[in-house]
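Below is one structure, written out as C-alpha cells; comments come after it.
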Amino acid sequence: MEELGLLMQGFGVVLEPQNLLLMLVGIALGVLIGVLPGLGGANGIAILLPLTFAMPPVSAIIMLSCIYWGALFGGAITSILFNIPGEPWSVATTFDGYPMAQQGKAAEALTAAFTSSFVGAFVAIVMITFIAPVIAGFALRFGPPEFFAVMFLSFASFIGMSKGPALKTVCAMMLGFLLAAVGMDTVTGQLRMTFGSTEMIRGFDFLVAVIGLFGISEILCSIEDGLRFKGERAKIDAKVVLKVWVSLPKHWWLALRSSFIGCWMGITPAGATPASFMSYGVARRMAKDGASFGKGRIEGVIAPETAAHAAGTSALLPMLTLGVPGSPTAAVLLGGLIMWGLQPGPMLFVEQKDFVWGLIASMYLGNVVGLIVVLVAVPWFAAILRVPFSIIAAIILVVCAIGAFTVSNAEFDITLMLLFGVIGYVLKKLDYPLAPLVLALVLGDRTEEAFRQSLLISQGSLGVFFSNWLVSSIMAMGFALLLWPVVSWVLERISAHRSRTGAVVPREA
Amino acid sequence: MPPAGCSRRSLLIGAGAAALASPALAQKGWEPTRPVQFIVPAGTGGGADQMARVIQGIVSKHKLMRQPMVVVNKAGGAGAEGFLEAKGARGNPHMIVITLSNLFTTPMATGVPFNWQDLTPVAMLALDEFVLWVNAESPWKTAAEFIEAAKRERLKLGGTGSKQEDQIIAVAIGKATGAQLTYVPYRGGGEVAVQLVGKHVDATVNNPIEAVTHWRSGALRPLCVFDSQRLSNTDKMTETMAWSDIPTAKEAGLDVEYLMLRGIFMPAGVQPAQLAYYEGLLERVRETPDWRELMQQGAFNTTGMTGDAFRAWLTKEEARHRTLMQEAGFLA
Amino acid sequence: MSAERGLRMSMVEAGTALAFALAGMAAIGDSLRIGTGWGTDGPKSGTFPFWIGLILVAASAGTLVQAVRARTESGLFASWAQLRLVASVLVPTVVYVAAIPSTGIYVASAALVAWFMHRLGGFGWARSAAAGIGVALACFLVFEIWFLVQLPKGPLETALGY
C-alpha cells in the first residue's frame with residue numbers, strides 16, 4: 001500500500017528530536033489556550049505563526065497542529081471543574097462532567113474526557129490515512145439543503161428528551177433562536193433586532209452567553225449554600241486514572257458510535273460543536289435509563305468528547321483537500337499554509353506529499369503525546385477545586401471577564417456576560433432548561449441560513465429537502481428521531497394494552 | 001518602559017523574532033511604541049484576512065517593525081463592527097484597517113453611520129480581480145454561451161455575502177445582458193468555490209486566489225475576467241492555460257467591469273509623521289519577495305497608490321458604488 | 001424565622017415570564033418592520049424571528065398563567081439570607097464590570113480578588129492585596145505580553161508606557 005509507505009516516511013520526519021520538542025511545546029501551549037475561555041486556538045496559532053517562518057514547513061505545521069490538539073484536550077478541563085466551557089464544543093461535556101465533579105469525581109471525569117478525546121481523534125486519523133480521497137469527494141455533495149438536513153438532524157436528536165417543563169423548554173429554545181438572529185441577516189444583508197444600537201450589530205456571541213449562563217450563574221447558585229464549592233473533597237491520586245481505564249472498555253460501542261458521528265459531522269462541514277450535541281443526544285436516547293443523564297453519568301462525558309475530537313480532527317481534511325476551513329482555528333492554519341507557499345486544495349495531496357504525510361504522522365504522535373501530557377496533569381487540575389472559594393471564585397470571575405472580552409475585543413461583552421450570568425441564575429432556579437437555549441443559540445443562524453439558501457436555489461420549493469437520496473435520507477432520519485418519543489409511547493400503550501387483555505408478550509431479561 | 005517590556009517578551013516567546021530591534025529600521029521620525037492592531041473587517045479565511053495575515057507574517061519575518069502586529073477580526077455586520085471601531089479610535093496611531101469593497105457597500109446597504117472619510121487613507125496595496133467561473137463539466141465554454149443559457153433558463157450564481165461586490169457583479173451582468181441569475185449568498189469565498197465544484201450553483205465570480213487550486217485540479221473553468229485588460233501572469237496554471245489566456249469581459253461581449261480595493265487605512269486625526277511611517281512600512285512590505293509571490297499566486301492587479309491620488313480614486317469609487325448600489329436597489 | 005422569609009417563587013416566575021413575553025414582542029415588532037412574508041425566493045428576513053417571537057409570547061403566557069394559579073402554594077425562590085450571600089458576590093462583580101472601562105481590567109481585577117479574599121475568605125489585607133496584584137500581574141504576562149491580546153487598560157498602564 002502506497003499510503004503506509006508514505007506514512008512511515010512521515011513518521012521518520014516527525015520523530016526527529018527537534019520536531020518532538022516542538023510537539024511538546026505546542027501541546028502545552030494548546031492546553032493553556034483551551035483552558036482559558038475566549039482565548040481560542042486561533043490566538044495561539046496566530047501568535048506563533050511568525051515564529052514558525054524560520055522553520056521548515058513540516059516542523060512548523062507540527063507545532064501549530066499540536067496547539068490545535070492541545071486546545072481540543074484543554075477545553076474539557078474548565079467544563080468539568082467549573083461548568084465553564086472553554087470552547088464551544090465542550091458545552092455538552094458540562095452536562096454530566098460538572099455533576100461528576102460536584103460528586104467528588106472530578107479526576108474520573110477528566111480521565112474519561114481525555115481518554116475518549118484521544119479515541120475519537122485516533123479513529124478520525126485512521127480514517128484520514130486510508131480513505132481521505134473518497135471522503136473528500138463526499139464532502140462535495142453537501143450543498144445548502146444537505147447542510148440544513150444535518151442541522152435538522154442535530155436538533156432532532158436533542159429535542160424531545162428535555163427534562164424541564166414543556167412550556168419552559170419551548171421558551172428557552174425560542175430565546176436561543178432569537179438571540180442567534182440578532183445582528184446581520186447574512187442572506188439579505190439586513191440588520192435585525194439591533195434597535196439602532198451599534199453594539200448589537202455584532203450579535204450575541206455564543207461564548208459570551210455560555211460563559212455567563214453556565215459559569216457565572218454557577219457561582220451565584222453555589223454560594224446560596226455557603227461560600228464554598230461542592231466536590232472539594234475529591235479523592236485525587238494517580239490510581240484513579242487506571243481505575244477509570246479499566247472501566248472504559250465496556251463503553252466501546254458508545255465510543256465507536258460517537259467517533260462515527262464525529263467523523264461524519266467533521267467531513268460534512270458542520271463541525272465539532274453540533275457533533276458533540278448530537279452524540280450526547282443519541283447516547284441518551286440509546287441508554288436504557290436515559291433519565292439519569294445530566295446527573296453525572298460517565299457516558300455523558302465520553303459521548304460528546306469522543307465526537308468533538310473525531311469531528312475536530314476530520315475537519316482538517318476538507319481544509320487540506322478543498323481549502324475550506326472547518327473552524328476559525330483551521331482558518332488560521334490555512335493562512336499559515338499560504339504563507340509558506342503551500343496552496344491548500346486538491347493539488348496539495350499531489351504536489352506536496354512530504355508535507356501532507358508529515359502532517360498526518362504528526363496527528364498520530366501529537367495525540368499520543370497530548371494524552372500523556374494531560375493525563376499526567378489530571379491530579380493537579382482536580383486539585384484546583386481545593387483552593388478556597390474566596391480565592392478561586394474571584395479568579396474565575398476575572399478569567400470569565402477576560403474571556404468574554406477577547407471573543408470580539410468588546411467591553412460591552414463583559415456587561416453582557418454578567419447579564420447572562422444573572423439570567424442563567426434565575427432560569428436555573430426556575431427550572432428552565434439551559435441546554436435547548438444554548439443549542440438554538442449555537443446552531444440557530446446557520447440553520448436558518450441554510451434553509452433560506454436552499455429555498456433560493458429551489459426558487460421557493462420545499463421539495464429541495466427531498467431532492468436526492470442523500471438529503472432525503474438525512475431528513476428521514478431526523479424525522480424518525482423527532483417522532484421516536486411519540487412512536488415509543490404508542491408502542492408502550494399497545495403493549496400495556498395487550499398485557500392487560502391477557503396477551504403474553506415474551507420479554508428478555 | 002518599552003525596552004524592558006521588549007526583552008521580557010522576547011524571553012517569554014522564546015526566539016523573540018517579533019520583538020528584537022532590527023537594523024532595517026534606520027528611518028527617523030515616529031515609530032509605534034505599542035503593538036499595532038491590524039483590524040480585518042471580515043471573517044477568518046477570506047481574501048482580506050489572508051492578505052492581512054500575510055502582511056503580518058512579512059512584517060515579522062523581515063523585522064520591518066519593532067513592535068508586534070496583531071491581526072484582529074471584526075466581521076460583525078458585514079464589517080461594520082471593524083469600521084466603527086476604527087472610527088471611534090480617533091487619533092490612535094497603533095491601529096490600521098485593511099479594507100475590501102464593504103468600505104463602500106456596508107454603510108450604503110445598512111445605513112450604519114460610517115464613511116471612508118471617517119478614516120485616514122494610507123495606501124492602496126493592490127486591486128483584486130474577479131473572474132467568472134463555471135464547473136469544468138458544464139457545457140459552457142465561453143461567457144457568451146453562459147449568458148445565452150442564462151437567458152433561456154434561470155441560473156444560480158454563488159457569491160460571498162449579501163449586497164456586496166459579488167452580488168453587485170451578478171446584478172450588473174443581468175442588467176447588461178438580460179441574463180436571469182439567482183444570487184445565492186455564502187459566508188466565504190473558499191466555500192463558494194467548493195459549492196461550484198460540487199455543482200450546487202452554476203457559476204461564481206470568485207477572486208482568482210479563492211478558486212485557483214480548483215482550476216489547477218481541473219474542476220473549474222474560467223470564462224472571463226471583469227477588468228479592462230487581461231491579467232498579466234503568463235505562467236501556465238493548467239496544461240493549456242495561463243491567467244493571461246482568460247479573455248476580458250469586454251472581449252467576451254459582456255460589458256461589466258469591477259475591481260476590488262485592497263487598501264490600508266488608519267483612524268482619523270493621526271499626525272503626518274505617523275501616516276508617513278505606515279506608508280513607508282507598506283512600501284517595504286510591497287518590495288519583499290513574499291509579497292510578490294502572493295500577488296503572483298492571486299493574479300492581483302498590482303496598482304499601488306498613496307496620498308492625494310488615492311483619495312481622488314476613493315472619491316471616484318464611492319460615487320461609482322453609489323450608482324451601482326442604487327441601480328441594484330441595494331441602498332438602505 | 002428568617003429562613004421562612006424571602007422572595008416568593010411565583011413572583012419571580014411571573015416576572016420572568018413577562019420578561020420572556022417582552023423579548024418576544026420586541027422581536028415581533030422589529031420583524032414587522034423588515035417584512036415577515038414569503039418573498040419571491042423564500043422567506044424574508046423577518047419571517048423566522050416573527051414566528052419565533054410569536055411562539056415565545058404564547059409559551060410565556062402559558063407559564064404566566066401557571067405561575068398565577070400556583071401562587072398560593074408556591075415556595076421560596078430564595079430566602080433573604082441566601083439572597084444576601086448572592087449579593088455579596090454579585091454586587092462586587094457589578095462594580096468590577098462597571099469599573100473596567102475607566103480603570104482598565106488589571107487594576108479592577110486586582111481589587112476584585114483582594115476584596116473577595118478579605119471579605120469572603122477572611123484573609124488579612126496584606127495577603128489579600130498581594131494575591132490580587134499577583135493575579136493581575138499573571139494575567140498581564142499571559143495575555144498582554146505572551147499572547148499579545150490587548151485587554152482594556154486604564155491610566156496606570158498608560159503611565160507605565162503600555
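Every chain in the C-alpha cells takes a letter, A first, then B, and so on in the order presented; its residues are numbered from 1, and the ligands are numbered from 1 following the presented order.
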(message) I want to know what sits within 9 Å of Glu13 of chain C, based on only C-alpha atoms, with residues of the same chain fewer than 6 positions away left out; could you give that as a PyMOL selection string?
(response) (chain A and resi 430) or (chain C and resi 63-64+67-68+77)
How about saving the chosen residues, N, CA and C atoms kept, as a CSV table (one decimal), in the first residue's frame?
chain,number,residue,atom,x,y,z
A,430,LEU,N,-35.6,28.5,38.4
A,430,LEU,CA,-37.0,28.3,38.0
A,430,LEU,C,-37.2,27.1,37.1
C,63,THR,N,-46.9,30.0,30.8
C,63,THR,CA,-46.1,29.9,32.0
C,63,THR,C,-46.7,30.9,33.1
C,64,LEU,N,-47.0,32.1,32.6
C,64,LEU,CA,-47.5,33.1,33.5
C,64,LEU,C,-48.8,32.6,34.1
C,67,ALA,N,-48.1,30.2,36.7
C,67,ALA,CA,-47.5,30.8,37.9
C,67,ALA,C,-48.5,31.4,38.8
C,68,VAL,N,-49.5,32.1,38.1
C,68,VAL,CA,-50.5,32.8,38.9
C,68,VAL,C,-51.4,31.8,39.6
C,77,PHE,N,-38.3,31.4,46.3
C,77,PHE,CA,-37.3,31.4,45.3
C,77,PHE,C,-35.9,31.3,46.0
Surrounding residues of segment 156-161 of chain C excluding itself and chain neighbours under 2 positions, 9 Å, only C-alpha atoms, as a CSV table (one decimal) with N, CA and C atoms, in the first residue's frame:
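What landed in out26.csv:
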chain,number,residue,atom,x,y,z
B,1,MET,N,8.0,51.4,30.4
B,1,MET,CA,9.3,51.2,29.9
B,1,MET,C,9.4,50.2,28.8
B,2,PRO,N,9.2,50.6,27.6
B,2,PRO,CA,9.2,49.7,26.4
B,2,PRO,C,10.4,48.8,26.3
B,33,THR,N,5.0,52.6,19.5
B,33,THR,CA,5.6,52.3,20.8
B,33,THR,C,4.8,51.2,21.5
B,34,ARG,N,3.7,50.7,20.8
B,34,ARG,CA,2.9,49.6,21.4
B,34,ARG,C,2.6,48.6,20.2
C,103,THR,N,-10.9,52.1,34.7
C,103,THR,CA,-9.6,51.7,35.4
C,103,THR,C,-8.8,50.7,34.6
C,104,GLY,N,-9.4,50.1,33.6
C,104,GLY,CA,-8.7,49.0,32.9
C,104,GLY,C,-9.0,47.7,33.6
C,106,TYR,N,-6.9,45.3,34.6
C,106,TYR,CA,-5.9,44.7,35.5
C,106,TYR,C,-6.1,45.3,36.9
C,107,VAL,N,-6.3,46.6,37.0
C,107,VAL,CA,-6.4,47.2,38.3
C,107,VAL,C,-7.7,46.7,38.9
C,153,LYS,N,-7.2,48.8,29.1
C,153,LYS,CA,-6.2,49.4,30.0
C,153,LYS,C,-6.6,50.7,30.5
C,154,GLY,N,-6.2,51.1,31.7
C,154,GLY,CA,-6.5,52.4,32.2
C,154,GLY,C,-5.3,53.3,32.4
(request) Excluding Val91 of chain C and residues on its chain fewer than 5 positions from it, collect all residues at most 12 Å away from it, counting only C-alpha atoms, and give them as a VMD selection string. (result) (chain A and resid 220 418 422) or (chain C and resid 83 to 86 96 to 98 112 115 to 116)
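Computed from the coordinates, the atom CA of Arg386 of chain A to atom CA of Gln103 of chain A distance equals 13.7 Å.
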(request) Please determine the contact residues of chain A with respect to chain B at a cut-off of 7 Å, counting only C-alpha atoms, and supply them as a ChimeraX atom specification. (result) /A:50-51,53,140-141,143,183-184,186-191,201-202,322-324,328,331-332,335,339,343,345-347,408,453,456-457
Please save N, CA and C atoms of the selected residues as a compact mmCIF listing (two decimals), in the first residue's frame.
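Once everything was written out, this is part.txt:
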# COMPACT_ATOMS: atom_id res chain seq x y z
N PRO A 50 4.31 33.77 13.20
CA PRO A 50 5.51 34.46 12.74
C PRO A 50 6.79 33.72 13.11
N LEU A 51 6.79 33.09 14.30
CA LEU A 51 7.99 32.37 14.74
C LEU A 51 8.33 31.22 13.81
N PHE A 53 8.19 30.87 10.70
CA PHE A 53 8.70 31.08 9.34
C PHE A 53 10.16 30.70 9.24
N LEU A 140 -18.06 17.13 -1.08
CA LEU A 140 -18.54 17.98 -2.18
C LEU A 140 -20.04 17.86 -2.39
N ARG A 141 -20.62 16.78 -1.92
CA ARG A 141 -22.05 16.58 -2.16
C ARG A 141 -22.90 17.47 -1.27
N GLY A 143 -24.47 20.60 -0.28
CA GLY A 143 -24.91 21.95 -0.58
C GLY A 143 -25.82 22.42 0.55
N GLY A 183 -28.46 40.84 14.87
CA GLY A 183 -27.30 41.21 14.07
C GLY A 183 -27.64 41.18 12.61
N MET A 184 -26.64 40.88 11.77
CA MET A 184 -26.90 40.92 10.33
C MET A 184 -27.47 39.61 9.83
N THR A 186 -27.45 37.21 7.13
CA THR A 186 -26.43 37.02 6.08
C THR A 186 -27.06 36.80 4.71
N VAL A 187 -28.31 36.40 4.66
CA VAL A 187 -28.89 36.11 3.36
C VAL A 187 -29.32 37.39 2.63
N THR A 188 -29.87 38.34 3.37
CA THR A 188 -30.29 39.57 2.69
C THR A 188 -29.41 40.76 3.04
N GLY A 189 -28.49 40.60 3.98
CA GLY A 189 -27.64 41.71 4.35
C GLY A 189 -28.37 42.77 5.14
N GLN A 190 -29.47 42.38 5.78
CA GLN A 190 -30.26 43.35 6.53
C GLN A 190 -29.96 43.23 8.03
N LEU A 191 -29.99 44.35 8.75
CA LEU A 191 -29.78 44.29 10.20
C LEU A 191 -31.11 43.95 10.88
N ILE A 201 -24.90 45.23 16.57
CA ILE A 201 -24.62 44.79 15.20
C ILE A 201 -23.87 43.47 15.20
N ARG A 202 -23.00 43.34 16.19
CA ARG A 202 -22.17 42.14 16.30
C ARG A 202 -23.01 40.89 16.54
N LEU A 322 -9.89 20.74 0.13
CA LEU A 322 -10.78 21.67 -0.57
C LEU A 322 -10.45 23.12 -0.29
N GLY A 323 -9.64 23.37 0.73
CA GLY A 323 -9.29 24.75 1.03
C GLY A 323 -10.36 25.48 1.82
N VAL A 324 -11.32 24.73 2.40
CA VAL A 324 -12.34 25.38 3.21
C VAL A 324 -12.10 25.06 4.67
N PRO A 328 -12.49 28.50 12.98
CA PRO A 328 -11.59 29.66 12.94
C PRO A 328 -10.13 29.26 13.11
N ALA A 331 -8.82 28.05 10.03
CA ALA A 331 -8.64 29.14 9.08
C ALA A 331 -7.28 29.79 9.24
N VAL A 332 -6.83 29.89 10.50
CA VAL A 332 -5.53 30.50 10.71
C VAL A 332 -4.43 29.57 10.22
N GLY A 335 -4.08 30.15 6.64
CA GLY A 335 -3.27 31.32 6.35
C GLY A 335 -1.79 30.97 6.40
N MET A 339 1.21 31.25 3.57
CA MET A 339 2.44 31.99 3.85
C MET A 339 3.67 31.18 3.49
N GLN A 343 -0.39 25.94 -1.39
CA GLN A 343 -1.77 26.29 -1.69
C GLN A 343 -2.66 25.13 -1.29
N GLY A 345 -5.79 22.71 -1.06
CA GLY A 345 -6.73 22.38 -2.12
C GLY A 345 -6.39 21.04 -2.71
N PRO A 346 -7.10 20.67 -3.75
CA PRO A 346 -6.93 19.32 -4.30
C PRO A 346 -5.50 19.01 -4.74
N MET A 347 -4.71 20.05 -5.09
CA MET A 347 -3.38 19.78 -5.59
C MET A 347 -2.38 19.50 -4.48
N SER A 408 -14.56 39.17 21.03
CA SER A 408 -14.51 40.12 19.92
C SER A 408 -13.99 41.49 20.35
N GLN A 453 -30.98 29.58 1.98
CA GLN A 453 -30.15 29.35 0.78
C GLN A 453 -30.79 28.27 -0.08
N LEU A 456 -33.63 29.60 -1.97
CA LEU A 456 -33.17 30.45 -3.07
C LEU A 456 -32.86 29.56 -4.27
N ILE A 457 -32.14 28.46 -3.97
CA ILE A 457 -31.72 27.56 -5.04
C ILE A 457 -32.93 26.91 -5.71
